[in-house]
Amino acid sequence: MKTFASIDFEIANGYRTSVCSVGVVIVRDGEIAERIYHLIRPEPEYYWRGFTEIHGLSFEDTANEENFSAVWAKIAPKIEGLPLVAHNSAFDEGCLRAVHRMYQMDYPDYEFHCTLRASRRIFGKQLPNHKLPTVALHCGFDLANHHHALADAEACAWIAMRVFRS
């Protein structure tokens, strides 16, 4: 797979609808073609302290941002027809489906691929774990800003370019 979009969401609280940032990296012909990052006003609009401690985002960071529907209207045309890749895709696809449902948006049945599952299959016990920073480093990418949606999406893209060769 040489053309795809990797995606990563951060959430504000325990609800998958509480997307507060999104990172997308579009890869065309095996090269990163575009990086997209948006802060998003989450729904419900509150932050759990533990989540803020993980990704560093808080109510003040997103209070004046657009909601998911408005942000996705900018992203969707850029990824139309592309397979999506995520590390632990069940989480990111779950978020994407949840916010589409909440905002009553048509969900276009995105094709998802998971670098976490691919890593487990391909690298197995070669790695101490299959967390995003570990797999990224094994694939030659030093993820210095883990839990920033764009940094995580770029790490995922880097992994995907190595594990989904076909």
# chains A, B, ... in the order shown; residues from 1 in each chain; ligands from 1
$ residues_around --residues "Asp142 of chain A" --least-positions-apart "3" --cutoff "12 Å" --atoms "only C-alpha atoms" --output "list in words"
Leu132, Pro133, Thr134, Val135, Ala136, Leu137, His138, Cys139, Asn145, His146, Ala151, Asp152, Glu154, Ala155, Cys156, Trp158 and Ile159 of chain A
$ residues_around --residues "segment 35-44 of chain A" --least-positions-apart "6" --cutoff "7 Å" --atoms "only C-alpha atoms" --output "list in words"
Ala12, Thr17, Ser18, Val19, Cys20, Ser21, Val22, Gly23, Val24, Val25, Ile26, Thr62, Ala63, Glu65, Glu66, Asn67, Phe68 and Leu150 of chain A
$ select_by_dssp --residues "segment 9-162 of chain A" --states "helix (DSSP H, G or I)" --output "PyMOL selection string"
chain A and resi 49-55+59-62+68-79+89-102+115-126+132-138+149-162
$ write_last_selection --atoms "C-alpha atoms" --output "short mmCIF file (atom, residue, chain, number, x, y, z; two decimals), in the first residue's frame"
data_model
loop_
_atom_site.label_atom_id
_atom_site.label_comp_id
_atom_site.auth_asym_id
_atom_site.auth_seq_id
_atom_site.Cartn_x
_atom_site.Cartn_y
_atom_site.Cartn_z
CA ARG A 49 -7.61 15.37 34.13
CA GLY A 50 -5.95 12.04 33.28
CA PHE A 51 -6.54 12.59 29.57
CA THR A 52 -5.16 16.14 29.77
CA GLU A 53 -2.08 14.74 31.51
CA ILE A 54 -1.59 12.33 28.61
CA HIS A 55 -2.02 14.66 25.62
CA PHE A 59 -10.83 23.03 27.86
CA GLU A 60 -9.04 26.33 27.28
CA ASP A 61 -7.23 24.92 24.24
CA THR A 62 -10.39 23.92 22.40
CA PHE A 68 -16.03 17.84 14.62
CA SER A 69 -18.56 18.27 11.83
CA ALA A 70 -16.98 21.53 10.66
CA VAL A 71 -13.44 20.17 10.89
CA TRP A 72 -14.32 16.92 9.11
CA ALA A 73 -15.88 18.87 6.23
CA LYS A 74 -12.34 20.17 5.54
CA ILE A 75 -10.62 16.78 5.91
CA ALA A 76 -13.07 14.42 4.19
CA PRO A 77 -12.48 15.66 0.61
CA LYS A 78 -8.72 15.25 1.03
CA ILE A 79 -8.97 11.58 2.08
CA SER A 89 -7.52 1.13 14.46
CA ALA A 90 -10.44 -0.12 16.57
CA PHE A 91 -10.08 3.01 18.73
CA ASP A 92 -9.74 5.53 15.90
CA GLU A 93 -12.44 3.93 13.76
CA GLY A 94 -14.67 3.81 16.85
CA CYS A 95 -14.15 7.54 17.39
CA LEU A 96 -14.83 8.30 13.74
CA ARG A 97 -18.04 6.28 13.72
CA ALA A 98 -19.19 7.77 17.05
CA VAL A 99 -18.78 11.38 15.97
CA HIS A 100 -20.38 10.73 12.60
CA ARG A 101 -23.36 9.22 14.40
CA MET A 102 -23.56 12.03 16.97
CA THR A 115 -0.51 -1.03 12.20
CA LEU A 116 -0.80 -2.52 15.71
CA ARG A 117 -2.17 -5.82 14.38
CA ALA A 118 0.34 -5.76 11.52
CA SER A 119 3.20 -5.15 13.96
CA ARG A 120 2.17 -8.09 16.13
CA ARG A 121 1.94 -10.31 13.06
CA ILE A 122 5.18 -9.19 11.41
CA PHE A 123 7.50 -8.39 14.34
CA GLY A 124 6.05 -10.74 16.95
CA LYS A 125 8.44 -11.28 19.84
CA GLN A 126 11.22 -9.23 18.23
CA LEU A 132 3.29 3.10 18.87
CA PRO A 133 6.64 4.60 20.01
CA THR A 134 8.28 1.16 20.16
CA VAL A 135 7.11 0.08 16.71
CA ALA A 136 7.87 3.48 15.19
CA LEU A 137 11.43 3.39 16.50
CA HIS A 138 11.87 -0.15 15.20
CA ALA A 149 -2.38 13.59 17.11
CA LEU A 150 -0.23 14.74 14.18
CA ALA A 151 2.98 13.22 15.57
CA ASP A 152 1.17 9.92 16.20
CA ALA A 153 -0.37 9.97 12.71
CA GLU A 154 3.06 10.55 11.18
CA ALA A 155 4.57 7.69 13.21
CA CYS A 156 1.72 5.48 12.04
CA ALA A 157 2.30 6.49 8.42
CA TRP A 158 5.99 5.67 8.78
CA ILE A 159 5.13 2.23 10.17
CA ALA A 160 2.50 1.59 7.49
CA MET A 161 4.99 2.36 4.69
CA ARG A 162 7.10 -0.50 6.06
#
$ closest_residue --among "A:Gly81, A:Val27, A:Asp106, A:Lys131" --to "Met1 of chain A" --atoms "only C-alpha atoms"
A:Val27
$ residues_around --residues "Val85 of chain A" --least-positions-apart "2" --cutoff "6 Å" --atoms "only C-alpha atoms" --output "list in words"
Ser6, Phe112, His113 and Cys114 of chain A
$ atom_distance --atom1 "atom CA of Ile32 of chain A" --atom2 "atom CA of Ile7 of chain A"
13.0 Å
$ select_by_dssp --residues "segment 2-93 of chain A" --states "strand (DSSP E or B)" --output "PDB file with all heavy atoms, in the first residue's frame"
ATOM      1  N   PHE A   4      -2.332   6.204   0.977  1.00  0.00           N
ATOM      2  CA  PHE A   4      -3.280   6.043   2.085  1.00  0.00           C
ATOM      3  C   PHE A   4      -3.246   7.289   2.947  1.00  0.00           C
ATOM      4  O   PHE A   4      -2.434   8.195   2.718  1.00  0.00           O
ATOM      5  CB  PHE A   4      -2.933   4.804   2.929  1.00  0.00           C
ATOM      6  CG  PHE A   4      -1.569   4.862   3.560  1.00  0.00           C
ATOM      7  CD1 PHE A   4      -1.374   5.433   4.816  1.00  0.00           C
ATOM      8  CD2 PHE A   4      -0.456   4.359   2.893  1.00  0.00           C
ATOM      9  CE1 PHE A   4      -0.114   5.505   5.389  1.00  0.00           C
ATOM     10  CE2 PHE A   4       0.812   4.423   3.461  1.00  0.00           C
ATOM     11  CZ  PHE A   4       0.981   4.995   4.715  1.00  0.00           C
ATOM     12  N   ALA A   5      -4.099   7.323   3.956  1.00  0.00           N
ATOM     13  CA  ALA A   5      -4.069   8.390   4.959  1.00  0.00           C
ATOM     14  C   ALA A   5      -3.997   7.743   6.332  1.00  0.00           C
ATOM     15  O   ALA A   5      -4.801   6.871   6.651  1.00  0.00           O
ATOM     16  CB  ALA A   5      -5.308   9.269   4.851  1.00  0.00           C
ATOM     17  N   SER A   6      -3.012   8.140   7.110  1.00  0.00           N
ATOM     18  CA  SER A   6      -2.964   7.667   8.496  1.00  0.00           C
ATOM     19  C   SER A   6      -3.682   8.707   9.351  1.00  0.00           C
ATOM     20  O   SER A   6      -3.667   9.904   9.049  1.00  0.00           O
ATOM     21  CB  SER A   6      -1.528   7.450   8.963  1.00  0.00           C
ATOM     22  OG  SER A   6      -0.814   8.662   8.972  1.00  0.00           O
ATOM     23  N   ILE A   7      -4.312   8.220  10.411  1.00  0.00           N
ATOM     24  CA  ILE A   7      -5.155   9.102  11.214  1.00  0.00           C
ATOM     25  C   ILE A   7      -4.991   8.784  12.692  1.00  0.00           C
ATOM     26  O   ILE A   7      -4.780   7.632  13.063  1.00  0.00           O
ATOM     27  CB  ILE A   7      -6.633   8.979  10.772  1.00  0.00           C
ATOM     28  CG1 ILE A   7      -7.499  10.045  11.430  1.00  0.00           C
ATOM     29  CG2 ILE A   7      -7.175   7.574  11.015  1.00  0.00           C
ATOM     30  CD1 ILE A   7      -8.849  10.233  10.761  1.00  0.00           C
ATOM     31  N   ASP A   8      -5.067   9.824  13.509  1.00  0.00           N
ATOM     32  CA  ASP A   8      -5.022   9.647  14.950  1.00  0.00           C
ATOM     33  C   ASP A   8      -5.926  10.676  15.607  1.00  0.00           C
ATOM     34  O   ASP A   8      -5.937  11.847  15.214  1.00  0.00           O
ATOM     35  CB  ASP A   8      -3.596   9.812  15.483  1.00  0.00           C
ATOM     36  CG  ASP A   8      -3.530   9.509  16.962  1.00  0.00           C
ATOM     37  OD1 ASP A   8      -3.532   8.307  17.322  1.00  0.00           O
ATOM     38  OD2 ASP A   8      -3.491  10.456  17.768  1.00  0.00           O
ATOM     39  N   PHE A   9      -6.684  10.200  16.583  1.00  0.00           N
ATOM     40  CA  PHE A   9      -7.552  11.071  17.374  1.00  0.00           C
ATOM     41  C   PHE A   9      -7.081  11.103  18.816  1.00  0.00           C
ATOM     42  O   PHE A   9      -6.604  10.096  19.343  1.00  0.00           O
ATOM     43  CB  PHE A   9      -9.000  10.557  17.378  1.00  0.00           C
ATOM     44  CG  PHE A   9      -9.691  10.643  16.058  1.00  0.00           C
ATOM     45  CD1 PHE A   9     -10.000   9.493  15.357  1.00  0.00           C
ATOM     46  CD2 PHE A   9     -10.051  11.865  15.514  1.00  0.00           C
ATOM     47  CE1 PHE A   9     -10.654   9.552  14.137  1.00  0.00           C
ATOM     48  CE2 PHE A   9     -10.703  11.945  14.298  1.00  0.00           C
ATOM     49  CZ  PHE A   9     -11.009  10.785  13.604  1.00  0.00           C
ATOM     50  N   GLU A  10      -7.249  12.241  19.463  1.00  0.00           N
ATOM     51  CA  GLU A  10      -7.137  12.348  20.916  1.00  0.00           C
ATOM     52  C   GLU A  10      -8.528  12.728  21.420  1.00  0.00           C
ATOM     53  O   GLU A  10      -9.270  13.443  20.728  1.00  0.00           O
ATOM     54  CB  GLU A  10      -6.113  13.404  21.326  1.00  0.00           C
ATOM     55  CG  GLU A  10      -4.694  13.112  20.867  1.00  0.00           C
ATOM     56  CD  GLU A  10      -4.092  11.836  21.441  1.00  0.00           C
ATOM     57  OE1 GLU A  10      -4.455  11.458  22.585  1.00  0.00           O
ATOM     58  OE2 GLU A  10      -3.257  11.226  20.756  1.00  0.00           O
ATOM     59  N   ILE A  11      -8.887  12.208  22.584  1.00  0.00           N
ATOM     60  CA  ILE A  11     -10.208  12.494  23.142  1.00  0.00           C
ATOM     61  C   ILE A  11     -10.075  13.198  24.491  1.00  0.00           C
ATOM     62  O   ILE A  11      -9.053  13.081  25.168  1.00  0.00           O
ATOM     63  CB  ILE A  11     -11.086  11.225  23.253  1.00  0.00           C
ATOM     64  CG1 ILE A  11     -10.424  10.154  24.101  1.00  0.00           C
ATOM     65  CG2 ILE A  11     -11.426  10.694  21.864  1.00  0.00           C
ATOM     66  CD1 ILE A  11     -11.304   8.923  24.360  1.00  0.00           C
ATOM     67  N   VAL A  19     -13.771  13.789  20.701  1.00  0.00           N
ATOM     68  CA  VAL A  19     -12.560  14.054  19.924  1.00  0.00           C
ATOM     69  C   VAL A  19     -12.161  15.513  20.120  1.00  0.00           C
ATOM     70  O   VAL A  19     -12.962  16.418  19.897  1.00  0.00           O
ATOM     71  CB  VAL A  19     -12.806  13.738  18.429  1.00  0.00           C
ATOM     72  CG1 VAL A  19     -11.654  14.238  17.583  1.00  0.00           C
ATOM     73  CG2 VAL A  19     -13.030  12.247  18.230  1.00  0.00           C
ATOM     74  N   CYS A  20     -10.914  15.728  20.565  1.00  0.00           N
ATOM     75  CA  CYS A  20     -10.446  17.100  20.791  1.00  0.00           C
ATOM     76  C   CYS A  20      -9.295  17.482  19.856  1.00  0.00           C
ATOM     77  O   CYS A  20      -8.925  18.654  19.793  1.00  0.00           O
ATOM     78  CB  CYS A  20     -10.062  17.312  22.253  1.00  0.00           C
ATOM     79  SG  CYS A  20      -8.769  16.213  22.864  1.00  0.00           S
ATOM     80  N   SER A  21      -8.729  16.499  19.158  1.00  0.00           N
ATOM     81  CA  SER A  21      -7.746  16.809  18.115  1.00  0.00           C
ATOM     82  C   SER A  21      -7.674  15.646  17.148  1.00  0.00           C
ATOM     83  O   SER A  21      -7.970  14.499  17.499  1.00  0.00           O
ATOM     84  CB  SER A  21      -6.361  17.112  18.700  1.00  0.00           C
ATOM     85  OG  SER A  21      -5.777  15.967  19.258  1.00  0.00           O
ATOM     86  N   VAL A  22      -7.281  15.977  15.937  1.00  0.00           N
ATOM     87  CA  VAL A  22      -7.107  14.969  14.899  1.00  0.00           C
ATOM     88  C   VAL A  22      -5.836  15.295  14.120  1.00  0.00           C
ATOM     89  O   VAL A  22      -5.544  16.463  13.843  1.00  0.00           O
ATOM     90  CB  VAL A  22      -8.322  14.891  13.935  1.00  0.00           C
ATOM     91  CG1 VAL A  22      -8.580  16.215  13.228  1.00  0.00           C
ATOM     92  CG2 VAL A  22      -8.163  13.749  12.938  1.00  0.00           C
ATOM     93  N   GLY A  23      -5.094  14.241  13.818  1.00  0.00           N
ATOM     94  CA  GLY A  23      -3.939  14.358  12.944  1.00  0.00           C
ATOM     95  C   GLY A  23      -4.128  13.417  11.767  1.00  0.00           C
ATOM     96  O   GLY A  23      -4.558  12.274  11.958  1.00  0.00           O
ATOM     97  N   VAL A  24      -3.841  13.885  10.591  1.00  0.00           N
ATOM     98  CA  VAL A  24      -3.947  13.075   9.377  1.00  0.00           C
ATOM     99  C   VAL A  24      -2.675  13.290   8.566  1.00  0.00           C
ATOM    100  O   VAL A  24      -2.244  14.435   8.369  1.00  0.00           O
ATOM    101  CB  VAL A  24      -5.176  13.471   8.525  1.00  0.00           C
ATOM    102  CG1 VAL A  24      -5.221  12.671   7.228  1.00  0.00           C
ATOM    103  CG2 VAL A  24      -6.461  13.313   9.311  1.00  0.00           C
ATOM    104  N   VAL A  25      -2.090  12.198   8.114  1.00  0.00           N
ATOM    105  CA  VAL A  25      -0.936  12.271   7.231  1.00  0.00           C
ATOM    106  C   VAL A  25      -1.301  11.525   5.955  1.00  0.00           C
ATOM    107  O   VAL A  25      -1.629  10.339   6.001  1.00  0.00           O
ATOM    108  CB  VAL A  25       0.327  11.671   7.882  1.00  0.00           C
ATOM    109  CG1 VAL A  25       1.478  11.615   6.885  1.00  0.00           C
ATOM    110  CG2 VAL A  25       0.722  12.482   9.111  1.00  0.00           C
ATOM    111  N   ILE A  26      -1.276  12.238   4.847  1.00  0.00           N
ATOM    112  CA  ILE A  26      -1.616  11.641   3.559  1.00  0.00           C
ATOM    113  C   ILE A  26      -0.326  11.226   2.856  1.00  0.00           C
ATOM    114  O   ILE A  26       0.605  12.027   2.714  1.00  0.00           O
ATOM    115  CB  ILE A  26      -2.423  12.621   2.690  1.00  0.00           C
ATOM    116  CG1 ILE A  26      -3.744  12.956   3.399  1.00  0.00           C
ATOM    117  CG2 ILE A  26      -2.671  12.036   1.303  1.00  0.00           C
ATOM    118  CD1 ILE A  26      -4.560  14.041   2.737  1.00  0.00           C
ATOM    119  N   VAL A  27      -0.297   9.959   2.479  1.00  0.00           N
ATOM    120  CA  VAL A  27       0.857   9.386   1.790  1.00  0.00           C
ATOM    121  C   VAL A  27       0.415   9.056   0.368  1.00  0.00           C
ATOM    122  O   VAL A  27      -0.604   8.395   0.167  1.00  0.00           O
ATOM    123  CB  VAL A  27       1.358   8.118   2.518  1.00  0.00           C
ATOM    124  CG1 VAL A  27       2.476   7.452   1.719  1.00  0.00           C
ATOM    125  CG2 VAL A  27       1.801   8.451   3.935  1.00  0.00           C
ATOM    126  N   ARG A  28       1.182   9.541  -0.597  1.00  0.00           N
ATOM    127  CA  ARG A  28       0.909   9.254  -2.005  1.00  0.00           C
ATOM    128  C   ARG A  28       2.178   8.682  -2.642  1.00  0.00           C
ATOM    129  O   ARG A  28       3.250   9.279  -2.523  1.00  0.00           O
ATOM    130  CB  ARG A  28       0.466  10.503  -2.754  1.00  0.00           C
ATOM    131  CG  ARG A  28      -0.862  11.051  -2.225  1.00  0.00           C
ATOM    132  CD  ARG A  28      -1.515  11.998  -3.212  1.00  0.00           C
ATOM    133  NE  ARG A  28      -2.697  12.623  -2.636  1.00  0.00           N
ATOM    134  CZ  ARG A  28      -3.889  12.054  -2.537  1.00  0.00           C
ATOM    135  NH1 ARG A  28      -4.066  10.829  -2.976  1.00  0.00           N
ATOM    136  NH2 ARG A  28      -4.909  12.698  -2.006  1.00  0.00           N
ATOM    137  N   GLU A  31       5.285   8.474  -0.405  1.00  0.00           N
ATOM    138  CA  GLU A  31       5.873   9.707   0.131  1.00  0.00           C
ATOM    139  C   GLU A  31       4.810  10.501   0.878  1.00  0.00           C
ATOM    140  O   GLU A  31       3.658  10.573   0.436  1.00  0.00           O
ATOM    141  CB  GLU A  31       6.431  10.581  -1.002  1.00  0.00           C
ATOM    142  CG  GLU A  31       7.529   9.935  -1.816  1.00  0.00           C
ATOM    143  CD  GLU A  31       8.834   9.808  -1.046  1.00  0.00           C
ATOM    144  OE1 GLU A  31       9.111  10.662  -0.178  1.00  0.00           O
ATOM    145  OE2 GLU A  31       9.568   8.841  -1.311  1.00  0.00           O
ATOM    146  N   ILE A  32       5.200  11.113   1.989  1.00  0.00           N
ATOM    147  CA  ILE A  32       4.257  11.971   2.712  1.00  0.00           C
ATOM    148  C   ILE A  32       3.969  13.188   1.851  1.00  0.00           C
ATOM    149  O   ILE A  32       4.881  13.933   1.466  1.00  0.00           O
ATOM    150  CB  ILE A  32       4.808  12.367   4.090  1.00  0.00           C
ATOM    151  CG1 ILE A  32       4.886  11.118   4.985  1.00  0.00           C
ATOM    152  CG2 ILE A  32       3.946  13.457   4.725  1.00  0.00           C
ATOM    153  CD1 ILE A  32       5.475  11.336   6.356  1.00  0.00           C
ATOM    154  N   ALA A  33       2.676  13.357   1.530  1.00  0.00           N
ATOM    155  CA  ALA A  33       2.259  14.446   0.649  1.00  0.00           C
ATOM    156  C   ALA A  33       1.632  15.605   1.418  1.00  0.00           C
ATOM    157  O   ALA A  33       1.708  16.755   0.974  1.00  0.00           O
ATOM    158  CB  ALA A  33       1.262  13.922  -0.381  1.00  0.00           C
ATOM    159  N   GLU A  34       1.004  15.295   2.558  1.00  0.00           N
ATOM    160  CA  GLU A  34       0.314  16.356   3.298  1.00  0.00           C
ATOM    161  C   GLU A  34       0.151  15.949   4.754  1.00  0.00           C
ATOM    162  O   GLU A  34      -0.096  14.787   5.063  1.00  0.00           O
ATOM    163  CB  GLU A  34      -1.060  16.623   2.678  1.00  0.00           C
ATOM    164  CG  GLU A  34      -1.769  17.820   3.251  1.00  0.00           C
ATOM    165  CD  GLU A  34      -3.032  18.207   2.484  1.00  0.00           C
ATOM    166  OE1 GLU A  34      -3.338  17.570   1.451  1.00  0.00           O
ATOM    167  OE2 GLU A  34      -3.720  19.136   2.930  1.00  0.00           O
ATOM    168  N   ARG A  35       0.273  16.944   5.632  1.00  0.00           N
ATOM    169  CA  ARG A  35       0.047  16.770   7.062  1.00  0.00           C
ATOM    170  C   ARG A  35      -1.082  17.717   7.464  1.00  0.00           C
ATOM    171  O   ARG A  35      -1.029  18.903   7.114  1.00  0.00           O
ATOM    172  CB  ARG A  35       1.298  17.097   7.866  1.00  0.00           C
ATOM    173  CG  ARG A  35       2.430  16.131   7.673  1.00  0.00           C
ATOM    174  CD  ARG A  35       3.717  16.669   8.337  1.00  0.00           C
ATOM    175  NE  ARG A  35       4.825  15.767   8.197  1.00  0.00           N
ATOM    176  CZ  ARG A  35       5.656  15.729   7.162  1.00  0.00           C
ATOM    177  NH1 ARG A  35       5.483  16.573   6.147  1.00  0.00           N
ATOM    178  NH2 ARG A  35       6.641  14.863   7.114  1.00  0.00           N
ATOM    179  N   ILE A  36      -2.059  17.186   8.197  1.00  0.00           N
ATOM    180  CA  ILE A  36      -3.220  17.980   8.603  1.00  0.00           C
ATOM    181  C   ILE A  36      -3.396  17.829  10.112  1.00  0.00           C
ATOM    182  O   ILE A  36      -3.363  16.709  10.629  1.00  0.00           O
ATOM    183  CB  ILE A  36      -4.499  17.486   7.899  1.00  0.00           C
ATOM    184  CG1 ILE A  36      -4.332  17.526   6.384  1.00  0.00           C
ATOM    185  CG2 ILE A  36      -5.710  18.297   8.349  1.00  0.00           C
ATOM    186  CD1 ILE A  36      -5.389  16.728   5.625  1.00  0.00           C
ATOM    187  N   TYR A  37      -3.583  18.939  10.800  1.00  0.00           N
ATOM    188  CA  TYR A  37      -3.822  18.893  12.241  1.00  0.00           C
ATOM    189  C   TYR A  37      -4.889  19.918  12.595  1.00  0.00           C
ATOM    190  O   TYR A  37      -4.841  21.053  12.114  1.00  0.00           O
ATOM    191  CB  TYR A  37      -2.540  19.204  13.016  1.00  0.00           C
ATOM    192  CG  TYR A  37      -2.745  19.221  14.515  1.00  0.00           C
ATOM    193  CD1 TYR A  37      -2.928  18.041  15.224  1.00  0.00           C
ATOM    194  CD2 TYR A  37      -2.770  20.422  15.210  1.00  0.00           C
ATOM    195  CE1 TYR A  37      -3.122  18.049  16.599  1.00  0.00           C
ATOM    196  CE2 TYR A  37      -2.957  20.443  16.577  1.00  0.00           C
ATOM    197  CZ  TYR A  37      -3.132  19.254  17.275  1.00  0.00           C
ATOM    198  OH  TYR A  37      -3.328  19.265  18.626  1.00  0.00           O
ATOM    199  N   HIS A  38      -5.843  19.495  13.415  1.00  0.00           N
ATOM    200  CA  HIS A  38      -6.881  20.405  13.893  1.00  0.00           C
ATOM    201  C   HIS A  38      -7.180  20.121  15.355  1.00  0.00           C
ATOM    202  O   HIS A  38      -7.291  18.953  15.763  1.00  0.00           O
ATOM    203  CB  HIS A  38      -8.202  20.203  13.121  1.00  0.00           C
ATOM    204  CG  HIS A  38      -8.171  20.712  11.731  1.00  0.00           C
ATOM    205  ND1 HIS A  38      -8.331  22.044  11.411  1.00  0.00           N
ATOM    206  CD2 HIS A  38      -8.003  20.070  10.548  1.00  0.00           C
ATOM    207  CE1 HIS A  38      -8.270  22.187  10.102  1.00  0.00           C
ATOM    208  NE2 HIS A  38      -8.068  21.006   9.556  1.00  0.00           N
ATOM    209  N   LEU A  39      -7.333  21.196  16.111  1.00  0.00           N
ATOM    210  CA  LEU A  39      -7.961  21.097  17.422  1.00  0.00           C
ATOM    211  C   LEU A  39      -9.459  21.108  17.181  1.00  0.00           C
ATOM    212  O   LEU A  39      -9.936  21.731  16.215  1.00  0.00           O
ATOM    213  CB  LEU A  39      -7.556  22.263  18.314  1.00  0.00           C
ATOM    214  CG  LEU A  39      -6.095  22.293  18.746  1.00  0.00           C
ATOM    215  CD1 LEU A  39      -5.791  23.582  19.495  1.00  0.00           C
ATOM    216  CD2 LEU A  39      -5.760  21.079  19.592  1.00  0.00           C
ATOM    217  N   LEU A  84      -7.658   4.144   5.177  1.00  0.00           N
ATOM    218  CA  LEU A  84      -7.184   4.797   6.395  1.00  0.00           C
ATOM    219  C   LEU A  84      -6.366   3.806   7.212  1.00  0.00           C
ATOM    220  O   LEU A  84      -6.685   2.616   7.264  1.00  0.00           O
ATOM    221  CB  LEU A  84      -8.359   5.318   7.223  1.00  0.00           C
ATOM    222  CG  LEU A  84      -9.259   6.339   6.543  1.00  0.00           C
ATOM    223  CD1 LEU A  84     -10.342   6.820   7.511  1.00  0.00           C
ATOM    224  CD2 LEU A  84      -8.460   7.520   6.018  1.00  0.00           C
ATOM    225  N   VAL A  85      -5.344   4.314   7.853  1.00  0.00           N
ATOM    226  CA  VAL A  85      -4.453   3.498   8.665  1.00  0.00           C
ATOM    227  C   VAL A  85      -4.362   4.134  10.043  1.00  0.00           C
ATOM    228  O   VAL A  85      -4.252   5.358  10.156  1.00  0.00           O
ATOM    229  CB  VAL A  85      -3.044   3.425   8.018  1.00  0.00           C
ATOM    230  CG1 VAL A  85      -2.081   2.682   8.908  1.00  0.00           C
ATOM    231  CG2 VAL A  85      -3.118   2.798   6.643  1.00  0.00           C
ATOM    232  N   ALA A  86      -4.415   3.299  11.074  1.00  0.00           N
ATOM    233  CA  ALA A  86      -4.271   3.785  12.443  1.00  0.00           C
ATOM    234  C   ALA A  86      -3.582   2.720  13.282  1.00  0.00           C
ATOM    235  O   ALA A  86      -3.643   1.531  12.969  1.00  0.00           O
ATOM    236  CB  ALA A  86      -5.636   4.131  13.039  1.00  0.00           C
TER     237      ALA A  86
END
$ atom_distance --atom1 "atom CA of His130 of chain A" --atom2 "atom CA of Pro83 of chain A"
21.9 Å
$ atom_distance --atom1 "atom CA of Tyr15 of chain A" --atom2 "atom CA of Glu80 of chain A"
25.9 Å
